[in-house]
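Notes follow the structure.
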Amino acid sequence: MTQGENRFYTCTLFGKVLARTCFVTRRIDDPVDGFQRTLEKSRAKAIADYIDEGGSIPNAIVLSAQPEANLRTSGGKTLIFNDTEKAFLILDGQHRVYGFMLAREELRVPVVIYNNLTRAEEAKLFIDINTKQRPVPNALLLDIRRLAETESDEESFLNDLFSEFYDNSDSPLAGMLSRSETVVGKISRVTFNSAMQPAMKFFEGLTAENAYLVLRPYVKVWHDGMKAQSVLGALSKSVVFRAIMAIFPMVVQRVQDRHGKRYTDATFADVLTPEYFKAIRPKLRGNYGNSVKAFQEKLSKAFSRTLSL
C-alpha cells in the first residue's frame, strides 16, 4: 500500500511472534537515536487481562522493518522475514505488543510494516502518529458507558444526577452543562463527577432524583448569590464549582443544625447569606488558581467568619 511518499505492508502476525521479533528504542537507553516512551508494565498487564477476558483490539501495530529482518515479498501476497530478535522497531503499540506476550490467548494481530526507513523517518512517523491522533474526550467516554453497559453503580448514579441537572427546567445549572465534550464556559461531565465526590456519602441509599432535590436548592442559592454580586460566570469554572461542592458537607451540616433535614432554597439561604457572597466576591472575580483545595479553604474561611447566632 502507498500513501503519499510512504509505502507499507498490512498483514497479521501472532502476538508471540511480535513479542520475540520487536523492540523499542528509548531516549533513556539511546540518547542519540532513541525516541520511544518507557514501558508501563501495569498498562500492558491490563491489556493482557482484557484479551484473556475475551476482548479484542483491532488497532494495527505499526512497525519498521530493520536490516536484520531482511523483509521481502513472495508471490505478491506473502511477506517473508527472518524470525530474529530486533527484526522490527515498534513505532506505535509497544504496550499492546507486550500485552499480547503476557496474555494466555494466542491471537493474530493486525500490523502495518514499513521498510527501508531511515532513523529520521522512523522518528518523524512516531511524532506524526502520536500528535495527529486526537484522543476521545473523557466526557464522551462517560456519556457512552451506559450504551456499552459498562457503568459502575457510582457512574450510573452520577450519570442520572447529571441528567437531572441537565434536563430539569428548574435546574440552576440549565445551559451551563456540557454532556459529551469540553466546552469553554460550561461544566463538563468529568468536572461534574469530580465535584460530586464530597457529597456522595450523603446520598447512600438515595436515588439520583432524591439527591437532586437536596442539591438543587444548594446550587440555586449559589447561583442566585453569585448573580447578585455579578460573578455568576465563575460558577462554571472547574476550580470554583468543585470547591463549592467541596464545602457542601459543612454547609449542609449547618442547615441540619438550624432546620433539621429541611433542604430548601430558604434553609440554604439562611446559612449562605448575602453577607457571605459579598465577602467572597473578590475571590470570585479574579485569579481562581488551579488548586481546588486552596480555593475551598478560601470559601470555608469566609463561611466560618459569617457565622451568626
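In the C-alpha cells, each chain is lettered A, B, ... as it comes, each chain's residues begin at 1, and ligands are numbered from 1 in order of appearance.
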
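Secondary structure by DSSP on the backbone puts the following residues of range 153-300 of chain A in strand (DSSP E): Leu177, Ser178, Ile187 and Ser188 of chain A.
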
Non-local contacts of Tyr98 in chain A (9 Å; only C-alpha atoms; under 2 positions in same chain excluded) as a list in words: Gly15, Leu18, Ala19, Leu39, Lys41, Ala44, Lys45, Ile47, Ala48, Gly93, Gln94, His95, Arg96, Phe100, Met101, Leu102 and Ala103 of chain A

A:Phe241, A:Tyr114, A:Phe192, A:Phe157 ranked by distance to Thr207 in chain A, top pick (using only C-alpha atoms): A:Phe157

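Reported to one decimal place, the separation of CA of Gly286 in chain A from CA of Pro198 in chain A is 25.1 Å.
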
Those in range 127-269 of chain A with alpha helix (DSSP H) from DSSP, as a PyMOL selection string: chain A and resi 127-132+138-148+153-167+189-196+208-228+238-246+248-259+265-269

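Proximity of A:Lys278, A:Asn210, A:Asn159, A:Thr21 to Ser230 in chain A, computed with only C-alpha atoms, is greatest for A:Lys278.
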
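Among the candidates A:Thr12, A:Asn70, A:Ser291, A:Ser178, the one nearest to Leu107 in chain A when counting only C-alpha atoms is A:Thr12.
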
Close residues, Ala234 in chain A itself excluded, 9 Å, only C-alpha atoms, min 4 positions apart in chain, as a short mmCIF file (atom, residue, chain, number, x, y, z; two decimals) with C-alpha atoms, in the first residue's frame:
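Wrote it out as out24.cif, contents follow:
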```
data_model
loop_
_atom_site.label_atom_id
_atom_site.label_comp_id
_atom_site.auth_asym_id
_atom_site.auth_seq_id
_atom_site.Cartn_x
_atom_site.Cartn_y
_atom_site.Cartn_z
CA GLY A 185 -17.77 28.36 29.89
CA MET A 226 -23.22 34.93 42.69
CA SER A 238 -13.93 23.91 37.20
CA VAL A 240 -14.80 27.15 41.57
CA PHE A 241 -17.57 24.59 41.02
CA LEU A 284 -14.75 35.07 42.52
CA ARG A 285 -13.71 37.96 40.31
CA TYR A 288 -9.01 31.26 40.74
#
```

Shell of 8 Å around Met245 in chain A, only C-alpha atoms, local chain residues under 6 positions omitted, as a ChimeraX atom specification: /A:195-196,198-199

Using N, CA and C atoms, can you write the selected residues to a file as a PDB file, in the first residue's frame?
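As written to disk, again_2.pdb reads:
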```pdb
ATOM      1  N   ALA A 195     -16.664  16.875  41.097  1.00  0.00           N
ATOM      2  CA  ALA A 195     -17.216  17.808  42.079  1.00  0.00           C
ATOM      3  C   ALA A 195     -18.163  17.113  43.048  1.00  0.00           C
ATOM      4  N   MET A 196     -18.870  16.079  42.592  1.00  0.00           N
ATOM      5  CA  MET A 196     -19.866  15.424  43.427  1.00  0.00           C
ATOM      6  C   MET A 196     -19.283  14.470  44.460  1.00  0.00           C
ATOM      7  N   PRO A 198     -17.347  14.776  47.185  1.00  0.00           N
ATOM      8  CA  PRO A 198     -17.510  15.076  48.612  1.00  0.00           C
ATOM      9  C   PRO A 198     -18.932  14.871  49.123  1.00  0.00           C
ATOM     10  N   ALA A 199     -19.915  14.916  48.234  1.00  0.00           N
ATOM     11  CA  ALA A 199     -21.311  14.788  48.652  1.00  0.00           C
ATOM     12  C   ALA A 199     -21.824  13.355  48.580  1.00  0.00           C
TER      13      ALA A 199
END
```

Counting only C-alpha atoms, what is within 10 Å of range 63-66 of chain A, bar same-chain residues fewer than 3 positions away, as a compact mmCIF listing (two decimals) with C-alpha atoms, in the first residue's frame?
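Ended up saving to result22.txt:
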```txt
# COMPACT_ATOMS: atom_id res chain seq x y z
CA PHE A 8 3.99 -0.08 3.73
CA TYR A 9 2.52 -3.57 4.05
CA LEU A 18 5.66 -9.93 17.61
CA CYS A 22 10.02 -6.49 18.05
CA PHE A 23 11.89 -3.90 20.10
CA VAL A 24 11.73 -0.23 21.05
CA ALA A 60 -2.82 -2.16 13.97
CA ALA A 69 14.50 -8.76 9.19
CA ASN A 70 15.52 -8.99 5.53
CA LEU A 71 11.88 -8.23 4.67
CA PHE A 81 11.22 -12.05 7.17
CA LYS A 86 15.16 -6.88 16.75
CA ALA A 87 13.70 -7.59 13.33
CA PHE A 88 11.12 -4.81 13.79
CA LEU A 89 11.22 -1.47 15.55
CA ILE A 90 7.85 -0.58 17.13
CA LEU A 91 6.62 2.84 16.01
CA ASP A 92 3.21 2.51 17.69
CA GLY A 93 1.83 -0.13 20.04
CA GLN A 94 4.60 -1.19 22.42
CA VAL A 111 0.17 -4.94 11.76
CA VAL A 112 1.47 -2.26 9.42
CA ILE A 113 5.10 -2.71 8.37
CA TYR A 114 7.27 -0.01 6.83
CA ASN A 115 10.52 -0.99 5.15
CA ASN A 116 13.79 0.76 4.35
CA LEU A 117 13.16 3.77 6.61
CA THR A 118 15.99 5.87 7.97
CA ARG A 119 16.07 6.56 11.72
CA GLU A 121 11.98 8.86 9.00
CA GLU A 122 11.12 6.47 11.82
CA LEU A 125 6.47 8.79 11.78
```

Nearby residues (only C-alpha atoms) at most 7 Å from Phe165 in chain A, same-chain spacing under 5 positions excluded, as an NGL selection string: :A and (171 or 173-174)

Could you write those residues out with C-alpha atoms, as a CSV table (one decimal), in the first residue's frame?
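result_33.csv, freshly written:
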```
chain,number,residue,atom,x,y,z
A,171,SER,CA,-32.2,23.4,37.3
A,173,LEU,CA,-27.3,24.8,36.0
A,174,ALA,CA,-29.6,24.8,33.0
```

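CA of Thr273 in chain A lies 8.0 Å from CA of Gly225 in chain A.
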
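From CA of Glu151 in chain A back to CA of Val219 in chain A, the distance works out to 26.0 Å.
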
Which residue of A:Asn168, A:Thr84, A:Ser180, A:Thr25 approaches Arg216 in chain A most closely, using only C-alpha atoms: A:Asn168

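Among the candidates A:Phe268, A:Asn6, A:Glu68, A:Ser169, the residue lying nearest to Lys124 in chain A is A:Asn6 (atoms considered: only C-alpha atoms).
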